[in-house]
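K.L.:
Sharing a structure, written as structure tokens. Questions coming.
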Amino acid sequence: MRAYERFLNYIKIDTTSNDKNKNCPSSENQWILANYIVNELKKIGISNAHVDDNCYVYAKISSKGDASKYNKKIGFIAHMDTSPSCAGGSVNAKIIRNYNGNDIVLENGIKIKTEEYAFLEKLISQDIIVTDGETLLGADNKAGIAEIITLCEILMSGQINNHCEVLVAFTPDEEIGRGADLFNVEKFGADFAFTVDGGELGEVEYENFNAATATIIINGINIHPGSAKNIMKNSQNIAMEFDRLIPSCERPENTEGYEGFYHLTSINGNEEKTEMAYIIRDHDSEKFKIKKNYINEITMFLNKKHGDGTIFSNVVDSYYN
């Protein structure tokens, strides 16, 4: 089976993660995909493929050829969940054959413009898979899963006569920062491993951001607008005030390369209560600490201004460089 054919099967399963659910996995459908993957691996001959109690899939392919030459163990990892930032169910995929280099217009009218997405020029004459514009496609990271399992099928078919031991793993809840939380490194057993997740063809990234999430809860006081003077405390206005204190030069739209950033991923609320969520990223560990501390400094400053207990912030580390 071709990698894209596998991919089209995987995206039929809605594996949107849920940051409000503290269980692992955070969404039940991740179990469905995990078991589907295990069955697929077993069908191609990897009998040791299994899913553990936390919805992590592990499998191993023995080395082949000169044992002294191929004695290292290499791993490949991908995640099964998709981002909760956009709908991930009922994906209606379409294959654009022999892409001509023009703007791509999705079925719902959304236009993918070449002037905004310069990489499209590199895809001319290739086939591209898109959605109808109503959902995520799920290529992050079901494309990675499809590529790894296709590699496994090639290795198990005997087409490559010499290779080291190959270990593969598929993890839940990466999109909400928990993918590594219960990953069993010792059980996985690789000497080194690659995460197959995004990037251009042939690109290898050898480091990553330090990452954290910040949850902000703002408590307001609601009262009829006609009698609100000196009493109302609109939590939404305070939320906007909080965000304005984040340096504009340290947002994703104004940073590149090794530059760290704060990214507001969600804001929901009303006059009485507003919740905000940020992700914090920086390659440098000291700058990373400063960014996290700054969230606490904003919290203390605004509590002093608007009253104790107005704002609660919680910063949780996700992973490190």
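Every chain in the structure tokens has a letter given in the order shown (A, B, ...), and although residue numbers restart at 1 in each chain, ligands are simply numbered from 1 in the order shown.
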Considering only C-alpha atoms, give me a table of residues in range 173-238 of chain A that are at most 12 Å from range 145-157 of chain A, with the closest atom pair and distance in Å for each, as JSON lines.

P.N.:
```
{"residue": "A:Phe194", "atom": "CA", "partner": "A:Ile148", "partner_atom": "CA", "distance": 10.5}
{"residue": "A:Thr195", "atom": "CA", "partner": "A:Ile148", "partner_atom": "CA", "distance": 10.0}
{"residue": "A:Val196", "atom": "CA", "partner": "A:Ile148", "partner_atom": "CA", "distance": 7.8}
{"residue": "A:Asp197", "atom": "CA", "partner": "A:Ile145", "partner_atom": "CA", "distance": 8.8}
{"residue": "A:Gly198", "atom": "CA", "partner": "A:Ile145", "partner_atom": "CA", "distance": 11.4}
{"residue": "A:Leu201", "atom": "CA", "partner": "A:Glu147", "partner_atom": "CA", "distance": 12.0}
```

K.L.:
I want to know what sits within 12 Å of range 81-84 of chain A, based on only C-alpha atoms, with residues of the same chain fewer than 6 positions away left out; could you give that as a VMD selection string?

P.N.:
chain A and resid 10 to 11 13 to 21 24 to 34 55 to 56 135 to 145 170 to 179 197 265 to 266

K.L.:
Please dump the current selection as a short mmCIF file (atom, residue, chain, number, x, y, z; two decimals), in the first residue's frame; keep N, CA and C atoms.

P.N.:
```cif
data_model
loop_
_atom_site.label_atom_id
_atom_site.label_comp_id
_atom_site.auth_asym_id
_atom_site.auth_seq_id
_atom_site.Cartn_x
_atom_site.Cartn_y
_atom_site.Cartn_z
N TYR A 10 -6.28 6.83 7.62
CA TYR A 10 -6.11 7.34 8.98
C TYR A 10 -6.96 8.58 9.24
N ILE A 11 -7.08 9.46 8.25
CA ILE A 11 -7.79 10.71 8.50
C ILE A 11 -9.31 10.52 8.61
N ILE A 13 -10.48 8.77 10.89
CA ILE A 13 -10.65 8.65 12.34
C ILE A 13 -10.35 10.00 12.99
N ASP A 14 -11.32 10.56 13.64
CA ASP A 14 -11.16 11.87 14.30
C ASP A 14 -10.38 11.67 15.60
N THR A 15 -9.14 12.12 15.64
CA THR A 15 -8.31 11.95 16.84
C THR A 15 -7.94 13.29 17.47
N THR A 16 -8.85 14.25 17.39
CA THR A 16 -8.62 15.56 18.01
C THR A 16 -8.36 15.39 19.50
N SER A 17 -7.25 15.93 19.98
CA SER A 17 -6.97 15.86 21.42
C SER A 17 -7.77 16.93 22.16
N ASN A 18 -7.89 16.75 23.48
CA ASN A 18 -8.74 17.61 24.29
C ASN A 18 -7.97 18.05 25.53
N ASP A 19 -7.54 19.30 25.55
CA ASP A 19 -6.72 19.76 26.67
C ASP A 19 -7.50 19.92 27.96
N LYS A 20 -8.82 19.81 27.91
CA LYS A 20 -9.64 19.89 29.11
C LYS A 20 -9.74 18.54 29.82
N ASN A 21 -9.37 17.48 29.13
CA ASN A 21 -9.44 16.13 29.69
C ASN A 21 -8.05 15.73 30.16
N CYS A 24 -5.17 10.12 29.76
CA CYS A 24 -4.29 9.80 28.64
C CYS A 24 -4.76 8.49 28.01
N PRO A 25 -5.25 8.55 26.76
CA PRO A 25 -5.30 9.73 25.89
C PRO A 25 -6.45 10.64 26.28
N SER A 26 -6.40 11.85 25.77
CA SER A 26 -7.42 12.84 26.13
C SER A 26 -8.70 12.70 25.31
N SER A 27 -8.67 11.86 24.27
CA SER A 27 -9.86 11.60 23.46
C SER A 27 -9.91 10.12 23.11
N GLU A 28 -11.09 9.53 23.19
CA GLU A 28 -11.24 8.08 23.04
C GLU A 28 -10.86 7.58 21.65
N ASN A 29 -11.06 8.39 20.63
CA ASN A 29 -10.78 7.92 19.28
C ASN A 29 -9.30 7.66 19.01
N GLN A 30 -8.45 8.19 19.89
CA GLN A 30 -7.03 7.88 19.73
C GLN A 30 -6.78 6.38 19.98
N TRP A 31 -7.61 5.77 20.82
CA TRP A 31 -7.53 4.31 21.01
C TRP A 31 -7.87 3.59 19.70
N ILE A 32 -8.86 4.12 19.00
CA ILE A 32 -9.28 3.47 17.75
C ILE A 32 -8.13 3.48 16.75
N LEU A 33 -7.48 4.63 16.59
CA LEU A 33 -6.37 4.69 15.65
C LEU A 33 -5.20 3.83 16.13
N ALA A 34 -4.93 3.84 17.44
CA ALA A 34 -3.83 3.03 17.98
C ALA A 34 -4.03 1.56 17.66
N CYS A 55 -2.05 4.18 25.72
CA CYS A 55 -2.31 4.44 24.31
C CYS A 55 -1.04 4.82 23.52
N TYR A 56 0.09 4.29 23.94
CA TYR A 56 1.33 4.42 23.18
C TYR A 56 1.56 3.13 22.41
N THR A 135 -12.46 21.45 7.76
CA THR A 135 -11.77 20.73 8.83
C THR A 135 -10.26 20.76 8.60
N LEU A 136 -9.54 20.32 9.61
CA LEU A 136 -8.13 20.01 9.40
C LEU A 136 -8.02 18.82 8.46
N LEU A 137 -6.91 18.72 7.78
CA LEU A 137 -6.65 17.52 6.98
C LEU A 137 -6.15 16.40 7.88
N GLY A 138 -5.33 16.76 8.86
CA GLY A 138 -4.77 15.74 9.75
C GLY A 138 -3.41 15.25 9.33
N ALA A 139 -2.78 15.94 8.38
CA ALA A 139 -1.43 15.54 7.95
C ALA A 139 -0.44 15.65 9.11
N ASP A 140 -0.70 16.54 10.04
CA ASP A 140 0.07 16.65 11.27
C ASP A 140 -0.65 15.86 12.35
N ASN A 141 -0.37 14.58 12.53
CA ASN A 141 0.84 13.97 12.04
C ASN A 141 0.55 12.59 11.42
N LYS A 142 -0.64 12.46 10.83
CA LYS A 142 -0.98 11.16 10.24
C LYS A 142 -0.18 10.88 8.98
N ALA A 143 0.34 11.94 8.36
CA ALA A 143 1.26 11.74 7.25
C ALA A 143 2.54 11.07 7.75
N GLY A 144 3.00 11.49 8.92
CA GLY A 144 4.18 10.87 9.52
C GLY A 144 3.96 9.40 9.84
N ILE A 145 2.78 9.08 10.37
CA ILE A 145 2.45 7.69 10.66
C ILE A 145 2.47 6.86 9.38
N PHE A 170 4.18 5.34 18.28
CA PHE A 170 3.15 6.32 17.94
C PHE A 170 2.49 6.76 19.23
N THR A 171 2.47 8.08 19.45
CA THR A 171 2.11 8.63 20.75
C THR A 171 0.81 9.42 20.71
N PRO A 172 0.11 9.51 21.83
CA PRO A 172 -1.09 10.35 21.92
C PRO A 172 -0.75 11.77 22.39
N ASP A 173 -1.66 12.69 22.17
CA ASP A 173 -1.72 13.99 22.86
C ASP A 173 -0.51 14.90 22.69
N GLU A 174 0.20 14.78 21.58
CA GLU A 174 1.32 15.68 21.32
C GLU A 174 0.85 17.12 21.14
N GLU A 175 -0.30 17.28 20.50
CA GLU A 175 -0.79 18.63 20.17
C GLU A 175 -1.14 19.45 21.40
N ILE A 176 -1.35 18.80 22.53
CA ILE A 176 -1.66 19.53 23.76
C ILE A 176 -0.49 19.45 24.74
N GLY A 177 0.69 19.12 24.21
CA GLY A 177 1.91 19.19 25.00
C GLY A 177 2.17 18.03 25.94
N ARG A 178 1.47 16.89 25.73
CA ARG A 178 1.64 15.77 26.66
C ARG A 178 2.20 14.52 26.01
N GLY A 179 2.63 14.64 24.75
CA GLY A 179 3.03 13.45 24.01
C GLY A 179 4.15 12.65 24.64
N ASP A 197 7.64 14.49 11.70
CA ASP A 197 6.52 15.40 11.95
C ASP A 197 6.81 16.75 11.30
N THR A 265 -3.29 31.06 22.17
CA THR A 265 -3.96 30.02 21.38
C THR A 265 -5.47 30.04 21.55
N SER A 266 -5.95 30.57 22.67
CA SER A 266 -7.41 30.64 22.84
C SER A 266 -7.76 31.69 23.88
#
```

K.L.:
Considering only alpha helix (DSSP H) as DSSP defines it on the backbone, what residues of range 60-208 of chain A qualify? List them as a list in words.

P.N.:
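Restricting range 60-208 of chain A to alpha helix (DSSP H) produces Ala139, Asp140, Asn141, Lys142, Ala143, Gly144, Ile145, Ala146, Glu147, Ile148, Ile149, Thr150, Leu151, Cys152, Glu153, Ile154, Leu155, Met156, Val185, Glu186, Lys187 and Phe188 of chain A.
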
K.L.:
One decimal, in Å: what's the spacing between CA of Glu200 in chain A and CA of Lys12 in chain A?

P.N.:
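Calculated distance between CA of Glu200 in chain A and CA of Lys12 in chain A is 24.6 Å.
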
K.L.:
Under the rule that only C-alpha atoms are counted, which of A:Asn35, A:Ser235, A:Asn92, A:Asn98 is the nearest residue to Ile216 in chain A?

P.N.:
A:Ser235

K.L.:
At what distance in Å, to one decimal, does CA of Gly202 in chain A lie from CA of Lys94 in chain A?

P.N.:
25.0 Å

K.L.:
Quick one: residues within 12 Å of Phe312 in chain A, only C-alpha atoms counted, chain neighbours fewer than 3 positions away excluded, as a list in words?

P.N.:
Ala214, Thr215, Ile216, Ile217, Ile218, Asn219, Gly220, Ala239, Phe242, Lys273, Thr274, Glu275, Met276, Ala277, Ile295, Asn296, Glu297, Ile298, Thr299, Met300, Phe301, Leu302, Asn303, Gly307, Asp308, Gly309 and Val315 of chain A

K.L.:
In Å, how far is it from CA of Asp53 in chain A to CA of Asp181 in chain A?

P.N.:
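Between CA of Asp53 in chain A and CA of Asp181 in chain A the gap is 13.4 Å.
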
K.L.:
Find the spatial neighbours of Ile74 in chain A, counting only C-alpha atoms, within a cut-off of 7 Å - ignore same-chain residues fewer than 4 positions away - and output them as a compact mmCIF listing (two decimals) with all heavy atoms, in the first residue's frame.

P.N.:
```
# COMPACT_ATOMS: atom_id res chain seq x y z
N GLU A 165 18.52 -2.62 13.73
CA GLU A 165 17.22 -2.81 14.37
C GLU A 165 16.43 -1.50 14.31
O GLU A 165 16.96 -0.43 14.58
CB GLU A 165 17.42 -3.24 15.83
CG GLU A 165 16.12 -3.59 16.55
CD GLU A 165 16.38 -4.19 17.93
OE1 GLU A 165 17.19 -5.14 18.02
OE2 GLU A 165 15.77 -3.69 18.90
N VAL A 166 15.18 -1.60 13.92
CA VAL A 166 14.33 -0.42 13.75
C VAL A 166 13.19 -0.47 14.76
O VAL A 166 12.46 -1.47 14.84
CB VAL A 166 13.77 -0.32 12.31
CG1 VAL A 166 12.80 0.85 12.19
CG2 VAL A 166 14.91 -0.17 11.31
N LEU A 167 13.03 0.60 15.51
CA LEU A 167 11.98 0.70 16.52
C LEU A 167 11.02 1.81 16.11
O LEU A 167 11.46 2.87 15.66
CB LEU A 167 12.60 1.01 17.88
CG LEU A 167 13.73 0.07 18.30
CD1 LEU A 167 14.57 0.69 19.39
CD2 LEU A 167 13.18 -1.27 18.74
N ALA A 190 15.78 2.75 21.75
CA ALA A 190 16.58 3.22 20.61
C ALA A 190 17.86 3.91 21.08
O ALA A 190 17.89 4.55 22.13
CB ALA A 190 15.76 4.19 19.76
N ASP A 191 18.92 3.77 20.27
CA ASP A 191 20.14 4.53 20.53
C ASP A 191 19.97 5.98 20.10
O ASP A 191 20.53 6.89 20.70
CB ASP A 191 21.32 3.90 19.78
CG ASP A 191 21.68 2.53 20.33
OD1 ASP A 191 21.97 2.44 21.53
OD2 ASP A 191 21.64 1.55 19.56
N PHE A 192 19.20 6.19 19.05
CA PHE A 192 18.83 7.52 18.61
C PHE A 192 17.54 7.39 17.79
O PHE A 192 17.22 6.31 17.30
CB PHE A 192 19.93 8.21 17.79
CG PHE A 192 20.49 7.38 16.68
CD1 PHE A 192 19.93 7.42 15.41
CD2 PHE A 192 21.58 6.55 16.89
CE1 PHE A 192 20.45 6.66 14.38
CE2 PHE A 192 22.11 5.78 15.86
CZ PHE A 192 21.54 5.83 14.60
N ALA A 193 16.80 8.47 17.70
CA ALA A 193 15.50 8.38 17.04
C ALA A 193 15.15 9.69 16.37
O ALA A 193 15.68 10.76 16.70
CB ALA A 193 14.41 8.01 18.05
```

K.L.:
Considering only C-alpha atoms, can you say which of A:Asp282, A:Tyr117, A:Lys72, A:Asn234 comes closest to Glu256 in chain A?

P.N.:
A:Asp282

K.L.:
With distances taken over only C-alpha atoms, which of A:Phe288, A:Tyr294, A:Pro225, A:Tyr320 is nearest to Ile246 in chain A?

P.N.:
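Among the listed residues, the smallest separation from Ile246 in chain A belongs to A:Tyr294.
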
K.L.:
Using DSSP assignments from the backbone, pull out every residue in range 61-294 of chain A that falls under strand (DSSP E) and give it to me as a PyMOL selection string.

P.N.:
chain A and resi 61+73-79+94-96+104-105+111-112+128-130+165-171+192-195+210-219+261-269+273-282
